[in-house]
file data39.pdb (PDB, C-alpha atoms, pLDDT in the B column)
ATOM      1  CA  MET A  12      57.973  13.810-122.059  1.00 92.00           C
ATOM      2  CA  VAL A  13      58.375  15.866-118.914  1.00 96.00           C
ATOM      3  CA  VAL A  14      60.085  15.023-115.622  1.00 97.00           C
ATOM      4  CA  ARG A  15      58.382  16.510-112.586  1.00 97.00           C
ATOM      5  CA  PRO A  16      58.152  16.034-108.829  1.00 97.00           C
ATOM      6  CA  ALA A  17      55.516  13.515-107.799  1.00 97.00           C
ATOM      7  CA  GLY A  18      52.509  14.836-105.926  1.00 96.00           C
ATOM      8  CA  ARG A  19      50.058  13.249-103.500  1.00 93.00           C
ATOM      9  CA  ASP A  20      47.807  12.158-106.373  1.00 95.00           C
ATOM     10  CA  ASP A  21      50.681  10.213-107.982  1.00 96.00           C
ATOM     11  CA  ALA A  22      51.162   7.560-105.291  1.00 96.00           C
ATOM     12  CA  LEU A  23      48.918   5.037-107.051  1.00 96.00           C
ATOM     13  CA  ALA A  24      50.744   5.500-110.382  1.00 96.00           C
ATOM     14  CA  LEU A  25      54.109   5.062-108.620  1.00 96.00           C
ATOM     15  CA  HIS A  26      52.873   1.878-106.995  1.00 97.00           C
ATOM     16  CA  ARG A  27      51.443   0.441-110.214  1.00 96.00           C
ATOM     17  CA  LEU A  28      54.587   1.084-112.267  1.00 96.00           C
ATOM     18  CA  SER A  29      56.920  -0.171-109.545  1.00 95.00           C
ATOM     19  CA  ARG A  30      54.863  -3.287-108.803  1.00 95.00           C
ATOM     20  CA  VAL A  31      55.724  -4.685-112.261  1.00 94.00           C
ATOM     21  CA  PHE A  32      59.437  -4.536-111.396  1.00 91.00           C
ATOM     22  CA  ALA A  33      58.905  -5.852-107.864  1.00 91.00           C
ATOM     23  CA  ARG A  34      57.239  -8.953-109.287  1.00 92.00           C
ATOM     24  CA  THR A  35      60.382  -9.743-111.307  1.00 89.00           C
ATOM     25  CA  GLY A  36      62.653  -9.096-108.327  1.00 85.00           C
ATOM     26  CA  GLU A  37      64.213  -5.963-109.843  1.00 87.00           C
ATOM     27  CA  LEU A  38      62.732  -3.705-107.142  1.00 88.00           C
ATOM     28  CA  ARG A  39      61.753  -4.219-103.543  1.00 87.00           C
ATOM     29  CA  GLU A  40      58.058  -4.746-102.971  1.00 89.00           C
ATOM     30  CA  ARG A  41      56.623  -1.663-101.279  1.00 91.00           C
ATOM     31  CA  PRO A  42      53.002  -1.291-100.211  1.00 93.00           C
ATOM     32  CA  MET A  43      50.850   1.498-101.602  1.00 95.00           C
ATOM     33  CA  ALA A  44      50.942   3.231 -98.217  1.00 95.00           C
ATOM     34  CA  ARG A  45      54.720   3.531 -98.474  1.00 94.00           C
ATOM     35  CA  TYR A  46      54.482   5.329-101.822  1.00 96.00           C
ATOM     36  CA  ALA A  47      51.867   7.652-100.357  1.00 96.00           C
ATOM     37  CA  ARG A  48      54.120   8.386 -97.376  1.00 96.00           C
ATOM     38  CA  ASP A  49      57.307   8.865 -99.436  1.00 96.00           C
ATOM     39  CA  VAL A  50      55.806  10.520-102.530  1.00 97.00           C
ATOM     40  CA  ASP A  51      57.913  13.659-101.953  1.00 96.00           C
ATOM     41  CA  ASP A  52      61.065  11.595-102.656  1.00 97.00           C
ATOM     42  CA  PHE A  53      59.943  10.848-106.217  1.00 98.00           C
ATOM     43  CA  LEU A  54      60.311  12.311-109.661  1.00 98.00           C
ATOM     44  CA  LEU A  55      58.074  11.104-112.477  1.00 97.00           C
ATOM     45  CA  ALA A  56      58.685  10.958-116.202  1.00 97.00           C
ATOM     46  CA  GLU A  57      55.349  11.587-117.849  1.00 96.00           C
ATOM     47  CA  SER A  58      54.273  11.411-121.499  1.00 94.00           C
ATOM     48  CA  ALA A  59      52.477  14.264-123.244  1.00 91.00           C
ATOM     49  CA  THR A  60      49.238  12.360-122.584  1.00 92.00           C
ATOM     50  CA  GLY A  61      49.939  12.108-118.842  1.00 91.00           C
ATOM     51  CA  ARG A  62      51.029   8.443-118.790  1.00 92.00           C
ATOM     52  CA  VAL A  63      53.740   7.706-116.213  1.00 95.00           C
ATOM     53  CA  GLU A  64      56.730   6.325-118.145  1.00 96.00           C
ATOM     54  CA  GLY A  65      59.232   6.148-115.302  1.00 97.00           C
ATOM     55  CA  CYS A  66      59.922   7.088-111.716  1.00 97.00           C
ATOM     56  CA  ALA A  67      62.733   7.235-109.207  1.00 97.00           C
ATOM     57  CA  GLY A  68      63.136   8.218-105.586  1.00 96.00           C
ATOM     58  CA  LEU A  69      65.907  10.318-104.073  1.00 96.00           C
ATOM     59  CA  ARG A  70      66.480  10.174-100.309  1.00 93.00           C
ATOM     60  CA  PHE A  71      68.874  12.520 -98.519  1.00 89.00           C
ATOM     61  CA  CYS A  72      70.850  11.599 -95.425  1.00 81.00           C
ATOM     62  CA  ALA A  73      74.115  12.272 -93.642  1.00 67.00           C
ATOM     63  CA  ALA A  74      77.211  10.699 -95.189  1.00 59.00           C
ATOM     64  CA  PRO A  75      77.228   6.973 -94.384  1.00 54.00           C
ATOM     65  CA  GLU A  76      79.320   5.805 -91.462  1.00 56.00           C
ATOM     66  CA  GLY A  77      82.949   5.351 -92.412  1.00 55.00           C
ATOM     67  CA  ARG A  78      82.763   7.625 -95.505  1.00 55.00           C
ATOM     68  CA  ARG A  79      84.574  10.918 -95.858  1.00 56.00           C
ATOM     69  CA  ASP A  80      82.288  12.279 -98.592  1.00 52.00           C
ATOM     70  CA  GLN A  81      81.660  15.987 -98.423  1.00 56.00           C
ATOM     71  CA  GLY A  82      78.155  17.240 -97.767  1.00 64.00           C
ATOM     72  CA  ARG A  83      75.061  15.186 -97.502  1.00 79.00           C
ATOM     73  CA  THR A  84      74.571  11.913 -99.278  1.00 88.00           C
ATOM     74  CA  ALA A  85      71.692  11.128-101.610  1.00 92.00           C
ATOM     75  CA  VAL A  86      70.478   7.634-102.448  1.00 93.00           C
ATOM     76  CA  VAL A  87      68.654   6.902-105.694  1.00 95.00           C
ATOM     77  CA  TYR A  88      66.065   4.182-105.212  1.00 94.00           C
ATOM     78  CA  ASN A  89      63.082   2.594-106.932  1.00 95.00           C
ATOM     79  CA  PHE A  90      64.430   3.648-110.345  1.00 95.00           C
ATOM     80  CA  CYS A  91      62.236   2.145-113.064  1.00 95.00           C
ATOM     81  CA  VAL A  92      61.124   2.844-116.616  1.00 96.00           C
ATOM     82  CA  ALA A  93      58.073   1.194-118.201  1.00 95.00           C
ATOM     83  CA  ALA A  94      59.060  -1.516-120.684  1.00 92.00           C
ATOM     84  CA  ALA A  95      57.439   0.337-123.605  1.00 92.00           C
ATOM     85  CA  SER A  96      59.473   3.465-122.785  1.00 93.00           C
ATOM     86  CA  GLN A  97      62.894   1.862-122.341  1.00 93.00           C
ATOM     87  CA  GLY A  98      65.576   2.949-124.799  1.00 91.00           C
ATOM     88  CA  ARG A  99      63.776   6.238-125.495  1.00 94.00           C
ATOM     89  CA  GLY A 100      65.670   8.568-123.141  1.00 95.00           C
ATOM     90  CA  VAL A 101      63.304   8.307-120.190  1.00 97.00           C
ATOM     91  CA  GLY A 102      65.943   6.886-117.845  1.00 96.00           C
ATOM     92  CA  THR A 103      68.451   9.516-118.926  1.00 97.00           C
ATOM     93  CA  ALA A 104      65.943  12.301-118.316  1.00 97.00           C
ATOM     94  CA  LEU A 105      65.093  10.935-114.863  1.00 97.00           C
ATOM     95  CA  LEU A 106      68.720  10.466-113.834  1.00 97.00           C
ATOM     96  CA  THR A 107      69.700  13.918-115.100  1.00 98.00           C
ATOM     97  CA  ALA A 108      66.884  15.481-113.067  1.00 98.00           C
ATOM     98  CA  LEU A 109      67.794  13.436-109.965  1.00 97.00           C
ATOM     99  CA  LEU A 110      71.429  14.537-110.149  1.00 97.00           C
ATOM    100  CA  ALA A 111      70.386  18.171-110.566  1.00 97.00           C
ATOM    101  CA  GLU A 112      68.096  17.878-107.541  1.00 96.00           C
ATOM    102  CA  ALA A 113      70.859  16.273-105.471  1.00 96.00           C
ATOM    103  CA  ALA A 114      73.293  19.044-106.401  1.00 95.00           C
ATOM    104  CA  ALA A 115      70.720  21.772-105.698  1.00 95.00           C
ATOM    105  CA  ARG A 116      70.188  20.310-102.228  1.00 92.00           C
ATOM    106  CA  SER A 117      73.913  20.202-101.417  1.00 89.00           C
ATOM    107  CA  ALA A 118      74.571  16.489-101.756  1.00 91.00           C
ATOM    108  CA  GLY A 119      78.248  15.688-102.057  1.00 90.00           C
ATOM    109  CA  THR A 120      77.736  12.092-103.168  1.00 91.00           C
ATOM    110  CA  VAL A 121      74.950  10.110-104.800  1.00 94.00           C
ATOM    111  CA  PHE A 122      74.660   6.348-104.330  1.00 93.00           C
ATOM    112  CA  ALA A 123      72.552   3.851-106.249  1.00 93.00           C
ATOM    113  CA  ALA A 124      72.255   0.072-106.252  1.00 91.00           C
ATOM    114  CA  THR A 125      71.056  -2.095-109.097  1.00 90.00           C
ATOM    115  CA  SER A 126      70.640  -5.749-109.883  1.00 84.00           C
ATOM    116  CA  GLY A 127      70.884  -4.855-113.579  1.00 82.00           C
ATOM    117  CA  GLY A 128      73.816  -3.961-115.790  1.00 83.00           C
ATOM    118  CA  ALA A 129      74.165  -0.383-114.483  1.00 92.00           C
ATOM    119  CA  ALA A 130      75.006   0.970-117.970  1.00 93.00           C
ATOM    120  CA  LEU A 131      72.858   4.085-117.528  1.00 95.00           C
ATOM    121  CA  PHE A 132      74.520   4.967-114.234  1.00 96.00           C
ATOM    122  CA  LEU A 133      78.015   4.275-115.571  1.00 96.00           C
ATOM    123  CA  ARG A 134      77.352   6.542-118.588  1.00 96.00           C
ATOM    124  CA  HIS A 135      76.455   9.326-116.159  1.00 96.00           C
ATOM    125  CA  GLY A 136      79.670   9.221-114.170  1.00 96.00           C
ATOM    126  CA  PHE A 137      78.862   6.655-111.501  1.00 97.00           C
ATOM    127  CA  THR A 138      81.514   4.123-110.540  1.00 96.00           C
ATOM    128  CA  VAL A 139      81.159   0.739-108.885  1.00 93.00           C
ATOM    129  CA  THR A 140      82.011   0.914-105.197  1.00 90.00           C
ATOM    130  CA  ASP A 141      81.614  -1.004-101.970  1.00 82.00           C
ATOM    131  CA  ALA A 142      78.333  -0.578-100.156  1.00 70.00           C
ATOM    132  CA  PRO A 143      78.392   2.029 -97.394  1.00 68.00           C
ATOM    133  CA  LEU A 144      78.270   0.615 -93.903  1.00 62.00           C
ATOM    134  CA  THR A 145      74.861   2.142 -93.230  1.00 69.00           C
ATOM    135  CA  TRP A 146      72.016   3.055 -95.576  1.00 71.00           C
ATOM    136  CA  PRO A 147      68.772   4.868 -94.914  1.00 73.00           C
ATOM    137  CA  ALA A 148      66.143   2.519 -93.479  1.00 73.00           C
ATOM    138  CA  GLY A 149      64.504   0.381 -96.138  1.00 73.00           C
ATOM    139  CA  LEU A 150      66.945   1.348 -98.897  1.00 79.00           C
ATOM    140  CA  ALA A 151      69.836  -1.048 -98.306  1.00 77.00           C
ATOM    141  CA  PRO A 152      70.902  -2.849-101.479  1.00 79.00           C
ATOM    142  CA  ARG A 153      69.803  -6.403-102.012  1.00 77.00           C
ATOM    143  CA  PRO A 154      72.447  -9.130-101.871  1.00 78.00           C
ATOM    144  CA  GLY A 155      74.163  -9.367-105.253  1.00 79.00           C
ATOM    145  CA  SER A 156      73.359  -5.779-106.260  1.00 85.00           C
ATOM    146  CA  ARG A 157      76.005  -3.526-107.735  1.00 89.00           C
ATOM    147  CA  VAL A 158      76.515  -0.422-105.642  1.00 91.00           C
ATOM    148  CA  LEU A 159      77.395   2.721-107.533  1.00 93.00           C
ATOM    149  CA  ARG A 160      78.649   6.110-106.418  1.00 94.00           C
ATOM    150  CA  ARG A 161      79.028   9.509-108.003  1.00 95.00           C
ATOM    151  CA  ALA A 162      80.596  12.588-106.453  1.00 94.00           C
ATOM    152  CA  LEU A 163      78.904  15.896-107.256  1.00 92.00           C
TER     153      LEU A 163
END
call {"tool": "encode", "arguments": {"input": "data39.pdb", "output": "structure tokens"}}
result
Amino acid sequence: MVVRPAGRDDALALHRLSRVFARTGELRERPMARYARDVDDFLLAESATGRVEGCAGLRFCAAPEGRRDQGRTAVVYNFCVAAASQGRGVGTALLTALLAEAAARSAGTVFAATSGGAALFLRHGFTVTDAPLTWPAGLAPRPGSRVLRRAL
């Protein structure tokens, strides 16, 4: 498996993988055009045969209103791993690469929100926190989501 930045030709694969999780309510439904527009936010985990096993977006912004975090803030979004690839290190590889990218681009804090158990994020140093007052457009956590934070 390799984790790499998504390219323009990957928008359809991002949409297809994510749509499965949107149908169950685990991710927000996003149209194909949105993945095409935001493809530069995404990293892909790809098998040796080129099958997309997971993906996640990383959006950078100023520190949310009311926060005193140093540097820019990054928000992990649309984090998903194909059912057949779960428990095989794909999520860990994606999250490790996302954190490295956030650090390389001078983020002081990384936020994520999940409706799941958050075990992966907690194992990687995230802590449960209150939601920031403002989030980048379209990335605000759903009601009932756990908001997580990690300082870099």
call {"tool": "axis_aligned_box", "arguments": {"input": "data39.pdb", "around": "segment 142-161 of chain A", "padding_each_side": "4 Å", "output": "JSON"}}
result
{"center_x": 71.8, "center_y": 0.1, "center_z": -100.6, "size_x": 22.5, "size_y": 26.9, "size_z": 22.8}
call {"tool": "closest_residue", "arguments": {"input": "data39.pdb", "among": "A:Gly155, A:Gly119, A:Gly128, A:Gly68", "to": "Ser29 of chain A", "atoms": "only C-alpha atoms"}}
result
A:Gly68
call {"tool": "closest_residue", "arguments": {"input": "data39.pdb", "among": "A:Val50, A:Arg41, A:Val86, A:Ala104", "to": "Gly65 of chain A", "atoms": "only C-alpha atoms"}}
result
A:Ala104
call {"tool": "closest_residue", "arguments": {"input": "data39.pdb", "among": "A:Val101, A:Ser126, A:Leu23, A:Ala59", "to": "Thr35 of chain A", "atoms": "only C-alpha atoms"}}
result
A:Ser126
call {"tool": "atom_distance", "arguments": {"input": "data39.pdb", "atom1": "atom CA of Thr138 of chain A", "atom2": "atom CA of Leu106 of chain A"}}
result
14.7 Å
call {"tool": "residues_around", "arguments": {"input": "data39.pdb", "residues": "Leu131 of chain A", "least_positions_apart": "2", "cutoff": "8 Å", "atoms": "all atoms listed in the file", "output": "PDB file with C-alpha atoms, in the coordinates of the input"}}
result
ATOM      1  CA  GLY A 102      65.943   6.886-117.845  1.00 96.00           C
ATOM      2  CA  THR A 103      68.451   9.516-118.926  1.00 97.00           C
ATOM      3  CA  ALA A 129      74.165  -0.383-114.483  1.00 92.00           C
ATOM      4  CA  LEU A 133      78.015   4.275-115.571  1.00 96.00           C
ATOM      5  CA  ARG A 134      77.352   6.542-118.588  1.00 96.00           C
ATOM      6  CA  HIS A 135      76.455   9.326-116.159  1.00 96.00           C
TER       7      HIS A 135
END
call {"tool": "atom_distance", "arguments": {"input": "data39.pdb", "atom1": "atom CA of Arg161 of chain A", "atom2": "atom CA of Ala111 of chain A"}}
result
12.5 Å
call {"tool": "resolve_selection", "arguments": {"input": "data39.pdb", "expression": "the PyMOL selection byres ((chain A and resi 24) around 12)", "output": "PDB file with C-alpha atoms, in the coordinates of the input"}}
result
ATOM      1  CA  ALA A  17      55.516  13.515-107.799  1.00 97.00           C
ATOM      2  CA  GLY A  18      52.509  14.836-105.926  1.00 96.00           C
ATOM      3  CA  ARG A  19      50.058  13.249-103.500  1.00 93.00           C
ATOM      4  CA  ASP A  20      47.807  12.158-106.373  1.00 95.00           C
ATOM      5  CA  ASP A  21      50.681  10.213-107.982  1.00 96.00           C
ATOM      6  CA  ALA A  22      51.162   7.560-105.291  1.00 96.00           C
ATOM      7  CA  LEU A  23      48.918   5.037-107.051  1.00 96.00           C
ATOM      8  CA  LEU A  25      54.109   5.062-108.620  1.00 96.00           C
ATOM      9  CA  HIS A  26      52.873   1.878-106.995  1.00 97.00           C
ATOM     10  CA  ARG A  27      51.443   0.441-110.214  1.00 96.00           C
ATOM     11  CA  LEU A  28      54.587   1.084-112.267  1.00 96.00           C
ATOM     12  CA  SER A  29      56.920  -0.171-109.545  1.00 95.00           C
ATOM     13  CA  ARG A  30      54.863  -3.287-108.803  1.00 95.00           C
ATOM     14  CA  VAL A  31      55.724  -4.685-112.261  1.00 94.00           C
ATOM     15  CA  MET A  43      50.850   1.498-101.602  1.00 95.00           C
ATOM     16  CA  TYR A  46      54.482   5.329-101.822  1.00 96.00           C
ATOM     17  CA  ALA A  47      51.867   7.652-100.357  1.00 96.00           C
ATOM     18  CA  VAL A  50      55.806  10.520-102.530  1.00 97.00           C
ATOM     19  CA  PHE A  53      59.943  10.848-106.217  1.00 98.00           C
ATOM     20  CA  LEU A  54      60.311  12.311-109.661  1.00 98.00           C
ATOM     21  CA  LEU A  55      58.074  11.104-112.477  1.00 97.00           C
ATOM     22  CA  ALA A  56      58.685  10.958-116.202  1.00 97.00           C
ATOM     23  CA  GLU A  57      55.349  11.587-117.849  1.00 96.00           C
ATOM     24  CA  GLY A  61      49.939  12.108-118.842  1.00 91.00           C
ATOM     25  CA  ARG A  62      51.029   8.443-118.790  1.00 92.00           C
ATOM     26  CA  VAL A  63      53.740   7.706-116.213  1.00 95.00           C
ATOM     27  CA  GLU A  64      56.730   6.325-118.145  1.00 96.00           C
ATOM     28  CA  GLY A  65      59.232   6.148-115.302  1.00 97.00           C
ATOM     29  CA  CYS A  66      59.922   7.088-111.716  1.00 97.00           C
ATOM     30  CA  ALA A  93      58.073   1.194-118.201  1.00 95.00           C
TER      31      ALA A  93
END
call {"tool": "closest_residue", "arguments": {"input": "data39.pdb", "among": "A:Leu105, A:Val158, A:Ala67, A:Ala95", "to": "Leu38 of chain A", "atoms": "all atoms listed in the file"}}
result
A:Ala67
call {"tool": "atom_distance", "arguments": {"input": "data39.pdb", "atom1": "atom CA of Arg99 of chain A", "atom2": "atom CA of Val13 of chain A"}}
result
12.9 Å
call {"tool": "closest_residue", "arguments": {"input": "data39.pdb", "among": "A:Arg48, A:Arg34, A:Arg70, A:Arg39", "to": "Glu112 of chain A", "atoms": "only C-alpha atoms"}}
result
A:Arg70
call {"tool": "closest_residue", "arguments": {"input": "data39.pdb", "among": "A:Gly100, A:Val87, A:Val92, A:Leu110", "to": "Leu159 of chain A", "atoms": "all atoms listed in the file"}}
result
A:Val87
call {"tool": "residues_near_point", "arguments": {"input": "data39.pdb", "point": "(70.4, 4.2, -106.2)", "cutoff": "7 Å", "atoms": "only C-alpha atoms", "output": "list in words"}}
result
Val86, Val87, Tyr88, Phe122, Ala123, Ala124 and Thr125 of chain A
call {"tool": "write_last_selection", "arguments": {"input": "data39.pdb", "atoms": "C-alpha atoms", "output": "PDB file, in the frame of the given file"}}
result
ATOM      1  CA  VAL A  86      70.478   7.634-102.448  1.00 93.00           C
ATOM      2  CA  VAL A  87      68.654   6.902-105.694  1.00 95.00           C
ATOM      3  CA  TYR A  88      66.065   4.182-105.212  1.00 94.00           C
ATOM      4  CA  PHE A 122      74.660   6.348-104.330  1.00 93.00           C
ATOM      5  CA  ALA A 123      72.552   3.851-106.249  1.00 93.00           C
ATOM      6  CA  ALA A 124      72.255   0.072-106.252  1.00 91.00           C
ATOM      7  CA  THR A 125      71.056  -2.095-109.097  1.00 90.00           C
TER       8      THR A 125
END
call {"tool": "residues_around", "arguments": {"input": "data39.pdb", "residues": "Ala85 of chain A", "least_positions_apart": "2", "cutoff": "7 Å", "atoms": "all atoms listed in the file", "output": "list in words"}}
result
Leu69, Arg70, Phe71, Cys72, Arg83, Val87, Ala113, Ala118, Thr120, Val121 and Phe122 of chain A
